[in-house]
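The next block is start-v7.cif, given as mmCIF, C-alpha atoms.
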```cif
data_data
#
loop_
_atom_site.label_atom_id
_atom_site.label_comp_id
_atom_site.auth_asym_id
_atom_site.auth_seq_id
_atom_site.Cartn_x
_atom_site.Cartn_y
_atom_site.Cartn_z
CA MET L 1 -12.01 7.50 -34.48
CA SER L 2 -11.01 4.74 -36.83
CA GLY L 3 -8.29 2.75 -35.17
CA ASP L 4 -6.81 1.51 -38.39
CA SER L 5 -5.71 4.89 -39.65
CA GLN L 6 -4.00 5.77 -36.38
CA SER L 7 -0.48 4.80 -35.47
CA ALA L 8 0.00 2.85 -32.27
CA ALA L 9 1.76 5.88 -30.80
CA GLN L 10 -1.34 7.96 -31.45
CA ARG L 11 -3.64 5.30 -30.02
CA LEU L 12 -1.61 5.10 -26.81
CA ILE L 13 -2.02 8.80 -26.05
CA GLY L 14 -4.41 9.54 -23.22
CA ALA L 15 -5.31 8.12 -19.85
CA TRP L 16 -6.24 4.49 -19.21
CA ARG L 17 -7.98 2.95 -16.21
CA TYR L 18 -6.51 -0.18 -14.66
CA VAL L 19 -8.62 -3.28 -15.27
CA GLY L 20 -6.45 -6.07 -13.93
CA THR L 21 -3.32 -8.15 -14.15
CA ARG L 22 -3.04 -11.80 -15.07
CA ILE L 23 -0.05 -14.07 -14.66
CA HIS L 24 0.29 -17.76 -15.40
CA GLY L 25 -3.35 -17.64 -16.54
CA GLY L 26 -4.65 -16.49 -13.14
CA ASN L 27 -5.34 -13.13 -11.54
CA TRP L 28 -2.55 -11.27 -9.80
CA ASP L 29 -3.85 -10.66 -6.31
CA ARG L 30 -4.04 -6.94 -5.58
CA GLY L 31 -7.13 -7.22 -3.42
CA LYS L 32 -10.77 -6.99 -4.32
CA ASN L 33 -10.85 -3.68 -6.16
CA PRO L 34 -7.40 -2.38 -7.08
CA LYS L 35 -7.35 0.93 -8.90
CA GLY L 36 -4.86 2.48 -11.23
CA MET L 37 -4.14 4.71 -14.12
CA ILE L 38 -1.56 4.92 -16.88
CA TYR L 39 -1.04 8.02 -18.94
CA TYR L 40 0.79 8.54 -22.21
CA GLY L 41 1.17 12.21 -23.07
CA PRO L 42 1.47 13.73 -26.53
CA HIS L 43 4.99 14.98 -25.78
CA GLY L 44 6.51 11.63 -24.84
CA GLU L 45 5.79 11.81 -21.12
CA MET L 46 4.21 8.95 -19.19
CA ALA L 47 3.17 8.04 -15.68
CA VAL L 48 1.56 5.03 -14.06
CA GLN L 49 0.11 4.19 -10.67
CA ILE L 50 -1.57 1.03 -9.46
CA ALA L 51 -2.86 0.88 -5.90
CA PRO L 52 -3.63 -2.56 -4.44
CA ASP L 53 -6.93 -2.64 -2.55
CA VAL L 54 -5.58 -2.73 1.01
CA ALA L 55 -6.10 -0.44 3.99
CA ARG L 56 -3.14 1.92 4.30
CA LYS L 57 -3.43 2.88 7.93
CA ARG L 58 -1.43 5.23 10.07
CA ALA L 59 -2.16 5.23 13.77
CA GLY L 60 0.05 8.15 14.80
CA ALA L 61 1.33 11.35 13.29
CA ALA L 62 4.22 9.54 11.63
CA MET L 63 4.03 6.17 9.91
CA THR L 64 5.72 3.20 11.48
CA PRO L 65 7.97 0.89 9.42
CA GLU L 66 5.22 -1.74 9.53
CA GLU L 67 2.63 0.72 8.23
CA ALA L 68 5.05 1.85 5.53
CA PHE L 69 5.73 -1.72 4.49
CA ILE L 70 2.02 -2.45 4.00
CA ALA L 71 1.39 0.84 2.20
CA LEU L 72 4.26 0.37 -0.22
CA LYS L 73 3.77 -3.32 -0.93
CA ASP L 74 2.92 -3.87 -4.62
CA TYR L 75 2.03 -0.20 -5.13
CA ILE L 76 3.27 0.72 -8.59
CA ALA L 77 4.11 4.37 -9.20
CA TYR L 78 6.67 5.64 -11.64
CA PHE L 79 6.96 8.28 -14.31
CA GLY L 80 9.27 9.34 -17.09
CA THR L 81 9.18 9.24 -20.87
CA TYR L 82 8.21 6.59 -23.39
CA THR L 83 9.10 5.50 -26.89
CA VAL L 84 7.16 3.29 -29.28
CA ASP L 85 8.62 0.72 -31.65
CA GLU L 86 5.75 0.02 -34.02
CA THR L 87 7.64 -2.72 -35.86
CA ALA L 88 8.33 -4.66 -32.70
CA GLY L 89 4.94 -3.75 -31.28
CA THR L 90 6.52 -2.49 -28.06
CA VAL L 91 6.39 0.58 -25.88
CA THR L 92 9.34 1.30 -23.61
CA HIS L 93 8.87 3.16 -20.34
CA HIS L 94 12.01 5.14 -19.54
CA ARG L 95 11.60 5.56 -15.81
CA HIS L 96 12.91 8.78 -14.30
CA ASP L 97 11.66 8.12 -10.81
CA ASN L 98 10.10 5.15 -9.14
CA LEU L 99 8.34 4.88 -5.83
CA GLN L 100 9.74 1.41 -5.25
CA PRO L 101 13.24 1.60 -3.81
CA GLY L 102 16.09 0.13 -5.80
CA GLU L 103 14.18 -0.17 -9.09
CA GLY L 104 15.04 1.93 -12.10
CA GLY L 105 15.80 1.75 -15.78
CA ASP L 106 13.65 0.96 -18.78
CA LEU L 107 10.67 -1.36 -19.00
CA VAL L 108 9.71 -2.83 -22.37
CA ARG L 109 6.08 -3.81 -22.90
CA ARG L 110 4.42 -5.40 -25.90
CA TYR L 111 1.16 -3.63 -26.55
CA GLU L 112 -2.12 -4.89 -27.99
CA PHE L 113 -5.27 -2.89 -28.66
CA VAL L 114 -8.62 -4.64 -28.50
CA GLY L 115 -11.54 -2.25 -28.79
CA ASP L 116 -11.23 0.24 -25.95
CA ARG L 117 -8.72 -1.90 -24.14
CA LEU L 118 -4.96 -1.92 -24.07
CA THR L 119 -2.98 -4.92 -22.94
CA LEU L 120 0.66 -4.56 -21.94
CA ARG L 121 2.88 -7.62 -21.69
CA PRO L 122 6.46 -7.79 -20.43
CA PRO L 123 8.52 -9.83 -22.91
CA ASN L 124 9.26 -13.42 -21.89
CA SER L 125 6.58 -13.37 -19.24
CA THR L 126 3.07 -14.71 -18.88
CA MET L 127 2.03 -11.45 -17.26
CA GLU L 128 -0.50 -9.22 -18.92
CA VAL L 129 -1.84 -5.94 -17.63
CA THR L 130 -5.14 -4.72 -19.03
CA TRP L 131 -6.28 -1.10 -19.26
CA GLU L 132 -9.46 0.56 -20.46
CA ARG L 133 -9.47 3.92 -22.18
CA ILE L 134 -10.85 6.74 -20.03
CA LYS L 135 -13.32 8.71 -22.08
CA MET E 1 -5.15 31.79 -24.00
CA ASN E 2 -7.89 34.25 -23.11
CA GLY E 3 -10.58 32.13 -24.73
CA GLN E 4 -9.78 29.12 -22.58
CA SER E 5 -11.47 28.22 -19.34
CA ASP E 6 -9.25 27.44 -16.37
CA LYS E 7 -10.21 23.79 -16.66
CA GLU E 8 -9.05 23.75 -20.27
CA ARG E 9 -5.77 25.37 -19.25
CA LEU E 10 -5.20 22.72 -16.57
CA ILE E 11 -5.56 19.84 -19.02
CA GLY E 12 -2.28 18.22 -19.91
CA SER E 13 0.80 17.27 -17.97
CA TRP E 14 3.04 19.45 -15.88
CA ARG E 15 6.60 18.97 -14.65
CA HIS E 16 7.38 19.66 -11.01
CA ILE E 17 9.62 22.70 -10.60
CA GLY E 18 9.73 22.97 -6.84
CA SER E 19 7.76 23.50 -3.68
CA THR E 20 8.13 26.25 -1.14
CA VAL E 21 6.83 26.90 2.34
CA ASP E 22 6.89 30.56 3.34
CA GLY E 23 9.00 31.13 0.24
CA LYS E 24 11.70 28.66 1.28
CA PRO E 25 12.29 25.24 -0.29
CA ARG E 26 9.95 22.65 1.18
CA PRO E 27 11.89 20.55 3.65
CA GLY E 28 12.26 16.81 3.29
CA GLN E 29 12.37 16.48 -0.48
CA GLY E 30 16.05 17.17 -1.18
CA ALA E 31 17.64 19.63 -3.60
CA ASN E 32 15.93 18.60 -6.81
CA PRO E 33 12.74 16.61 -6.34
CA ARG E 34 11.12 15.53 -9.59
CA GLY E 35 7.51 15.02 -10.38
CA ILE E 36 4.59 15.17 -12.72
CA ILE E 37 0.95 16.10 -12.40
CA ILE E 38 -1.58 15.15 -15.03
CA TYR E 39 -5.06 16.50 -15.64
CA ASP E 40 -6.83 14.60 -18.39
CA ALA E 41 -9.68 15.82 -20.55
CA HIS E 42 -12.21 13.50 -18.88
CA GLY E 43 -11.79 14.61 -15.28
CA TYR E 44 -9.04 12.24 -14.15
CA MET E 45 -5.78 13.25 -12.56
CA ALA E 46 -2.58 11.81 -11.16
CA CYS E 47 0.25 13.34 -9.17
CA HIS E 48 3.70 12.01 -8.34
CA VAL E 49 6.55 13.87 -6.67
CA ALA E 50 9.69 11.97 -5.77
CA PRO E 51 12.18 13.34 -3.25
CA ASP E 52 15.75 13.81 -4.46
CA ARG E 53 17.57 11.13 -2.54
CA ASP E 54 18.77 7.59 -3.04
CA VAL E 55 16.32 4.93 -2.02
CA THR E 56 17.63 1.42 -1.83
CA LYS E 57 16.73 -2.04 -0.73
CA ALA E 58 19.21 -4.62 0.38
CA GLY E 59 17.14 -7.68 -0.41
CA ASP E 60 14.51 -8.74 -2.89
CA LYS E 61 11.73 -6.88 -1.01
CA PRO E 62 12.07 -3.65 0.93
CA THR E 63 12.12 -3.94 4.70
CA GLY E 64 9.85 -1.82 6.85
CA ASP E 65 12.61 0.70 7.44
CA GLU E 66 13.44 0.81 3.72
CA ALA E 67 9.75 1.24 2.91
CA LYS E 68 9.47 4.10 5.39
CA ALA E 69 12.54 5.78 3.88
CA ALA E 70 11.05 5.38 0.41
CA LEU E 71 7.70 6.86 1.44
CA ASP E 72 8.98 9.82 3.47
CA GLY E 73 8.18 12.95 1.48
CA HIS E 74 7.01 10.92 -1.52
CA VAL E 75 3.74 12.02 -3.08
CA ALA E 76 1.86 9.55 -5.28
CA TYR E 77 -1.89 9.61 -5.72
CA PHE E 78 -4.52 9.65 -8.42
CA GLY E 79 -8.25 9.98 -8.90
CA LYS E 80 -10.63 12.54 -10.31
CA TYR E 81 -10.60 16.32 -10.16
CA SER E 82 -13.07 19.18 -10.30
CA VAL E 83 -12.51 22.87 -10.86
CA ASP E 84 -14.29 25.76 -9.15
CA GLU E 85 -13.48 28.69 -11.40
CA GLY E 86 -15.24 31.14 -9.07
CA ALA E 87 -13.14 30.13 -6.07
CA ARG E 88 -10.12 29.47 -8.32
CA THR E 89 -9.60 26.08 -6.78
CA VAL E 90 -9.04 22.60 -8.12
CA THR E 91 -10.04 19.67 -5.94
CA HIS E 92 -8.23 16.34 -6.21
CA HIS E 93 -10.67 13.53 -5.38
CA ARG E 94 -8.20 10.82 -4.54
CA GLN E 95 -9.01 7.21 -5.34
CA GLY E 96 -5.59 5.89 -4.42
CA SER E 97 -2.63 7.25 -2.48
CA VAL E 98 0.45 5.43 -1.32
CA GLN E 99 0.78 7.39 1.92
CA PRO E 100 -0.63 5.49 4.88
CA GLY E 101 -3.50 7.34 6.52
CA ASP E 102 -4.14 9.52 3.47
CA LYS E 103 -7.73 9.89 2.51
CA GLY E 104 -10.22 12.35 1.15
CA ASP E 105 -10.08 15.32 -1.14
CA LEU E 106 -7.34 17.89 -1.52
CA VAL E 107 -8.34 21.45 -2.38
CA ARG E 108 -5.73 23.60 -4.11
CA GLY E 109 -5.85 27.22 -5.08
CA TYR E 110 -4.44 27.59 -8.57
CA GLU E 111 -2.68 30.34 -10.45
CA PHE E 112 -1.36 30.41 -14.00
CA VAL E 113 1.76 32.42 -14.71
CA GLY E 114 2.87 32.02 -18.31
CA ASP E 115 3.69 28.35 -18.80
CA ARG E 116 3.61 27.77 -15.08
CA LEU E 117 0.97 26.53 -12.75
CA ILE E 118 1.12 27.25 -9.03
CA LEU E 119 -0.93 25.09 -6.67
CA LYS E 120 -1.51 26.32 -3.14
CA PRO E 121 -3.00 24.07 -0.47
CA LEU E 122 -5.68 26.21 1.14
CA GLY E 123 -4.83 27.65 4.52
CA THR E 124 -1.09 27.05 4.17
CA ALA E 125 1.97 29.00 3.04
CA THR E 126 2.93 26.13 0.70
CA GLU E 127 3.26 26.66 -3.03
CA VAL E 128 3.91 23.87 -5.51
CA MET E 129 5.18 25.02 -8.89
CA TRP E 130 4.73 23.22 -12.18
CA GLU E 131 5.77 23.88 -15.77
CA ARG E 132 3.71 22.73 -18.72
CA ILE E 133 5.23 19.79 -20.60
CA LYS E 134 5.18 20.63 -24.29
#
```

Please, can you express the file's structure as structure tokens?
Amino acid sequence: MSGDSQSAAQRLIGAWRYVGTRIHGGNWDRGKNPKGMIYYGPHGEMAVQIAPDVARKRAGAAMTPEEAFIALKDYIAYFGTYTVDETAGTVTHHRHDNLQPGEGGDLVRRYEFVGDRLTLRPPNSTMEVTWERIK
Amino acid sequence: MNGQSDKERLIGSWRHIGSTVDGKPRPGQGANPRGIIIYDAHGYMACHVAPDRDVTKAGDKPTGDEAKAALDGHVAYFGKYSVDEGARTVTHHRQGSVQPGDKGDLVRGYEFVGDRLILKPLGTATEVMWERIK
């Protein structure tokens, strides 16, 4: 698999394991061992989930608002379609549904491939999210 | 398709069509819930089903009540999966799930009907229907 002969759109396709997030040069705190996955399908579909490493407890049969607040906090989960702009070096996530209330619309991410890793960066931000190809 | 194993047929992504309990629409997810389930070639999976209703937040961060409203009926988890072709089941080994109190594996009977996949939680009358994205 020679990376050079592949388009960025082809290289994106597949599932990637969450490695970590950095912002302002430091680590974004999602607990000790956050887990996540992003998937780019061959037909333009995508999905992402990142679960912070916190205990999501439920004492009773139904969750309380406090339990829900902790469970939802910083959990990323959305899906939809994606498009790649190879000239701009960006991938846009067109979100169809989002777990987080009140958040919708498109997300643009600059992409960079380094070996088996993919880094996604929101424009005009110091944030970078790193993924490792699942294989 | 006859030359493919069930695991090979699962691989890919599937659009949520609907869920039923005893043949009736599953309560609590609204008229047109949307979702996706992914089985990758290396044994990883993710599932997300969003209820069909407006979820909002008044401020910058959701309140506890807003979080509870957002989570009610919302399925979002991921992890690994394994297939038992003899038992015709696929097991979702969850590594993360947004639902508080969720843990452990989920075993689903599976059935392929044309371009559709039906997943049936064992011991229930629930059926979750998916259509291959292609």

### Task
Tell me which residues the PyMOL selection byres ((chain L) within 6 of (chain E)) grabs here, as number ranges by chain.
L: 43, 51, 56-58, 65-66, 68-69, 71, 101-102, 135

### Message
For L:Thr90, find every residue with an atom within 6 Å (counting only C-alpha atoms), except residues of its own chain fewer than 2 positions away, and show them as a PyMOL selection string.
### Response
chain L and resi 84-85+88+109-111

### Separation of atom CA of L:Lys35 from atom CA of L:Ala77, in Å and rounded to one decimal
12.0 Å

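Restricting the calculation to all atoms listed in the file, the smallest distance between L:Ile70 and any of L:Ala8, L:Leu120, L:Ala55, L:Ile50 is found for L:Ala55.
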
### Task
Report the distance between atom CA of E:Phe112 and atom CA of E:Asp22 in Å, rounded to one decimal place.
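Between atom CA of E:Phe112 and atom CA of E:Asp22 the gap is 19.2 Å.
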
#### Entry: Atom pair atom CA of L:Glu86 / atom CA of E:Arg132: separation (Å)
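A separation of 27.5 Å between them.
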
### Query
With only C-alpha atoms as the basis for distance, which of L:Gln49, L:Thr87, L:Asn124, L:Thr92 is at the shortest distance from L:Asp74?
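Using only C-alpha atoms, L:Asp74 sits closest to L:Gln49.
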
### Task
Report as a list in words the full result of the PyMOL selection byres ((chain L and resi 39) around 8) when it is applied to this structure.
Ile13, Gly14, Ala15, Trp16, Met37, Ile38, Tyr40, Gly41, Met46, Ala47 and Val48 of chain L

### Query
Hey, which of E:Lys120, E:Asp105, E:Tyr110, E:Val21 ends up closest to E:Glu85? Count only C-alpha atoms.
E:Tyr110

### Message
Calculated over only C-alpha atoms, which of the candidates E:Arg26, E:Arg88, E:Val107, E:His16 has the smallest distance to E:Thr126?
### Response
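For E:Thr126, the nearest of the candidates is E:Arg26.
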
### Task
Could you state which residues are captured by the PyMOL selection byres ((chain L and resi 32) around 9) in this file, as a list in words?
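In the shown coordinates, the PyMOL selection byres ((chain L and resi 32) around 9) covers Asp29, Arg30, Gly31, Asn33, Pro34, Pro52, Asp53 and Val54 of chain L.
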
### Within 6 Å of stretch 127-129 of chain E using only C-alpha atoms, minus same-chain residues under 5 positions, as JSON, numbers by chain
{"E": [17, 18, 19, 20, 117, 118, 119, 120]}

### Query
In terms of the shortest atom-to-atom distance over all atoms listed in the file, which of E:Gly123, E:Gly73, E:Gly114, E:Leu106 is closest to E:Arg9?
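Closest to E:Arg9 of all the choices is E:Gly114.
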
### Query
If I put a ball of radius 10 Å at (0.7, -11.2, -19.0) in the file's coordinates, which residues poke into it when counting all atoms listed in the file, written as a PyMOL selection string?
chain L and resi 21-28+109-110+119-130

### Which residue of E:Pro121, E:Gly104, E:Gly109, E:Trp130 approaches E:Gly86 most closely, using only C-alpha atoms
E:Gly109

Any chance you could turn stretch 22-123 of chain E into a file with C-alpha atoms, as a PDB file, in the first residue's frame?
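Listed below is the output, result13.pdb:
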```pdb
ATOM      1  CA  ASP E  22     -43.676  -7.526  18.856  1.00  0.00           C
ATOM      2  CA  GLY E  23     -43.970  -6.190  15.314  1.00  0.00           C
ATOM      3  CA  LYS E  24     -44.865  -2.663  16.424  1.00  0.00           C
ATOM      4  CA  PRO E  25     -42.565   0.370  16.207  1.00  0.00           C
ATOM      5  CA  ARG E  26     -40.206   0.504  19.160  1.00  0.00           C
ATOM      6  CA  PRO E  27     -41.473   3.096  21.601  1.00  0.00           C
ATOM      7  CA  GLY E  28     -39.419   6.095  22.633  1.00  0.00           C
ATOM      8  CA  GLN E  29     -37.529   6.783  19.422  1.00  0.00           C
ATOM      9  CA  GLY E  30     -40.072   8.869  17.492  1.00  0.00           C
ATOM     10  CA  ALA E  31     -41.409   8.420  13.971  1.00  0.00           C
ATOM     11  CA  ASN E  32     -38.154   8.311  12.040  1.00  0.00           C
ATOM     12  CA  PRO E  33     -35.092   7.523  14.127  1.00  0.00           C
ATOM     13  CA  ARG E  34     -31.866   7.522  12.155  1.00  0.00           C
ATOM     14  CA  GLY E  35     -28.763   5.501  12.682  1.00  0.00           C
ATOM     15  CA  ILE E  36     -25.784   3.632  11.398  1.00  0.00           C
ATOM     16  CA  ILE E  37     -24.027   0.439  12.351  1.00  0.00           C
ATOM     17  CA  ILE E  38     -20.538  -0.348  11.128  1.00  0.00           C
ATOM     18  CA  TYR E  39     -18.683  -3.639  11.060  1.00  0.00           C
ATOM     19  CA  ASP E  40     -15.115  -3.194   9.888  1.00  0.00           C
ATOM     20  CA  ALA E  41     -12.872  -5.817   8.322  1.00  0.00           C
ATOM     21  CA  HIS E  42     -10.633  -6.035  11.406  1.00  0.00           C
ATOM     22  CA  GLY E  43     -13.246  -6.898  14.015  1.00  0.00           C
ATOM     23  CA  TYR E  44     -14.269  -3.423  15.143  1.00  0.00           C
ATOM     24  CA  MET E  45     -17.792  -2.082  15.229  1.00  0.00           C
ATOM     25  CA  ALA E  46     -19.782   1.011  16.109  1.00  0.00           C
ATOM     26  CA  CYS E  47     -23.499   1.634  16.456  1.00  0.00           C
ATOM     27  CA  HIS E  48     -25.442   4.869  16.719  1.00  0.00           C
ATOM     28  CA  VAL E  49     -29.212   5.302  16.657  1.00  0.00           C
ATOM     29  CA  ALA E  50     -30.659   8.743  17.291  1.00  0.00           C
ATOM     30  CA  PRO E  51     -34.303   9.201  18.272  1.00  0.00           C
ATOM     31  CA  ASP E  52     -36.404  11.415  16.013  1.00  0.00           C
ATOM     32  CA  ARG E  53     -36.999  14.415  18.217  1.00  0.00           C
ATOM     33  CA  ASP E  54     -35.551  17.836  18.814  1.00  0.00           C
ATOM     34  CA  VAL E  55     -32.869  17.982  21.441  1.00  0.00           C
ATOM     35  CA  THR E  56     -31.829  21.398  22.596  1.00  0.00           C
ATOM     36  CA  LYS E  57     -29.767  23.180  25.161  1.00  0.00           C
ATOM     37  CA  ALA E  58     -30.485  26.626  26.433  1.00  0.00           C
ATOM     38  CA  GLY E  59     -26.972  27.510  27.514  1.00  0.00           C
ATOM     39  CA  ASP E  60     -23.427  26.722  26.504  1.00  0.00           C
ATOM     40  CA  LYS E  61     -23.509  23.293  28.210  1.00  0.00           C
ATOM     41  CA  PRO E  62     -26.490  20.991  28.567  1.00  0.00           C
ATOM     42  CA  THR E  63     -28.142  20.862  31.966  1.00  0.00           C
ATOM     43  CA  GLY E  64     -28.823  17.563  33.673  1.00  0.00           C
ATOM     44  CA  ASP E  65     -32.404  17.569  32.424  1.00  0.00           C
ATOM     45  CA  GLU E  66     -31.278  18.422  28.889  1.00  0.00           C
ATOM     46  CA  ALA E  67     -28.657  15.671  29.054  1.00  0.00           C
ATOM     47  CA  LYS E  68     -31.267  13.169  30.196  1.00  0.00           C
ATOM     48  CA  ALA E  69     -33.582  14.205  27.352  1.00  0.00           C
ATOM     49  CA  ALA E  70     -30.716  13.822  24.884  1.00  0.00           C
ATOM     50  CA  LEU E  71     -29.794  10.360  26.163  1.00  0.00           C
ATOM     51  CA  ASP E  72     -33.298   8.888  26.437  1.00  0.00           C
ATOM     52  CA  GLY E  73     -33.614   6.273  23.701  1.00  0.00           C
ATOM     53  CA  HIS E  74     -30.256   7.246  22.191  1.00  0.00           C
ATOM     54  CA  VAL E  75     -27.949   4.364  21.317  1.00  0.00           C
ATOM     55  CA  ALA E  76     -24.239   5.092  20.883  1.00  0.00           C
ATOM     56  CA  TYR E  77     -21.549   2.526  21.537  1.00  0.00           C
ATOM     57  CA  PHE E  78     -18.527   0.967  19.894  1.00  0.00           C
ATOM     58  CA  GLY E  79     -15.987  -1.773  20.400  1.00  0.00           C
ATOM     59  CA  LYS E  80     -15.181  -5.108  18.844  1.00  0.00           C
ATOM     60  CA  TYR E  81     -17.430  -7.831  17.502  1.00  0.00           C
ATOM     61  CA  SER E  82     -17.337 -11.577  16.967  1.00  0.00           C
ATOM     62  CA  VAL E  83     -19.555 -13.812  14.884  1.00  0.00           C
ATOM     63  CA  ASP E  84     -20.811 -17.284  15.762  1.00  0.00           C
ATOM     64  CA  GLU E  85     -21.971 -18.629  12.430  1.00  0.00           C
ATOM     65  CA  GLY E  86     -23.288 -21.839  14.017  1.00  0.00           C
ATOM     66  CA  ALA E  87     -25.532 -19.966  16.441  1.00  0.00           C
ATOM     67  CA  ARG E  88     -26.132 -17.202  13.863  1.00  0.00           C
ATOM     68  CA  THR E  89     -25.265 -14.545  16.389  1.00  0.00           C
ATOM     69  CA  VAL E  90     -23.024 -11.513  16.407  1.00  0.00           C
ATOM     70  CA  THR E  91     -21.702 -10.297  19.741  1.00  0.00           C
ATOM     71  CA  HIS E  92     -20.896  -6.628  20.286  1.00  0.00           C
ATOM     72  CA  HIS E  93     -18.038  -6.346  22.791  1.00  0.00           C
ATOM     73  CA  ARG E  94     -18.547  -2.780  23.888  1.00  0.00           C
ATOM     74  CA  GLN E  95     -15.567  -0.640  24.814  1.00  0.00           C
ATOM     75  CA  GLY E  96     -17.546   2.554  25.167  1.00  0.00           C
ATOM     76  CA  SER E  97     -21.226   3.409  25.500  1.00  0.00           C
ATOM     77  CA  VAL E  98     -22.804   6.706  26.357  1.00  0.00           C
ATOM     78  CA  GLN E  99     -25.663   5.192  28.339  1.00  0.00           C
ATOM     79  CA  PRO E 100     -25.025   5.310  32.070  1.00  0.00           C
ATOM     80  CA  GLY E 101     -24.924   1.846  33.609  1.00  0.00           C
ATOM     81  CA  ASP E 102     -24.303   0.134  30.267  1.00  0.00           C
ATOM     82  CA  LYS E 103     -21.649  -2.487  30.301  1.00  0.00           C
ATOM     83  CA  GLY E 104     -20.738  -5.832  28.853  1.00  0.00           C
ATOM     84  CA  ASP E 105     -21.447  -7.657  25.656  1.00  0.00           C
ATOM     85  CA  LEU E 106     -24.587  -7.601  23.547  1.00  0.00           C
ATOM     86  CA  VAL E 107     -25.538 -10.774  21.693  1.00  0.00           C
ATOM     87  CA  ARG E 108     -27.710 -10.373  18.600  1.00  0.00           C
ATOM     88  CA  GLY E 109     -29.241 -12.980  16.379  1.00  0.00           C
ATOM     89  CA  TYR E 110     -28.758 -11.932  12.777  1.00  0.00           C
ATOM     90  CA  GLU E 111     -30.629 -12.537   9.551  1.00  0.00           C
ATOM     91  CA  PHE E 112     -29.881 -11.329   6.044  1.00  0.00           C
ATOM     92  CA  VAL E 113     -32.796 -10.577   3.753  1.00  0.00           C
ATOM     93  CA  GLY E 114     -31.626  -9.177   0.437  1.00  0.00           C
ATOM     94  CA  ASP E 115     -29.851  -5.908   1.204  1.00  0.00           C
ATOM     95  CA  ARG E 116     -31.217  -5.910   4.716  1.00  0.00           C
ATOM     96  CA  LEU E 117     -29.826  -7.060   7.991  1.00  0.00           C
ATOM     97  CA  ILE E 118     -32.087  -7.840  10.927  1.00  0.00           C
ATOM     98  CA  LEU E 119     -30.585  -7.919  14.410  1.00  0.00           C
ATOM     99  CA  LYS E 120     -32.558  -9.551  17.198  1.00  0.00           C
ATOM    100  CA  PRO E 121     -31.531  -9.216  20.835  1.00  0.00           C
ATOM    101  CA  LEU E 122     -31.703 -12.747  22.169  1.00  0.00           C
ATOM    102  CA  GLY E 123     -34.686 -13.545  24.337  1.00  0.00           C
TER     103      GLY E 123
END
```
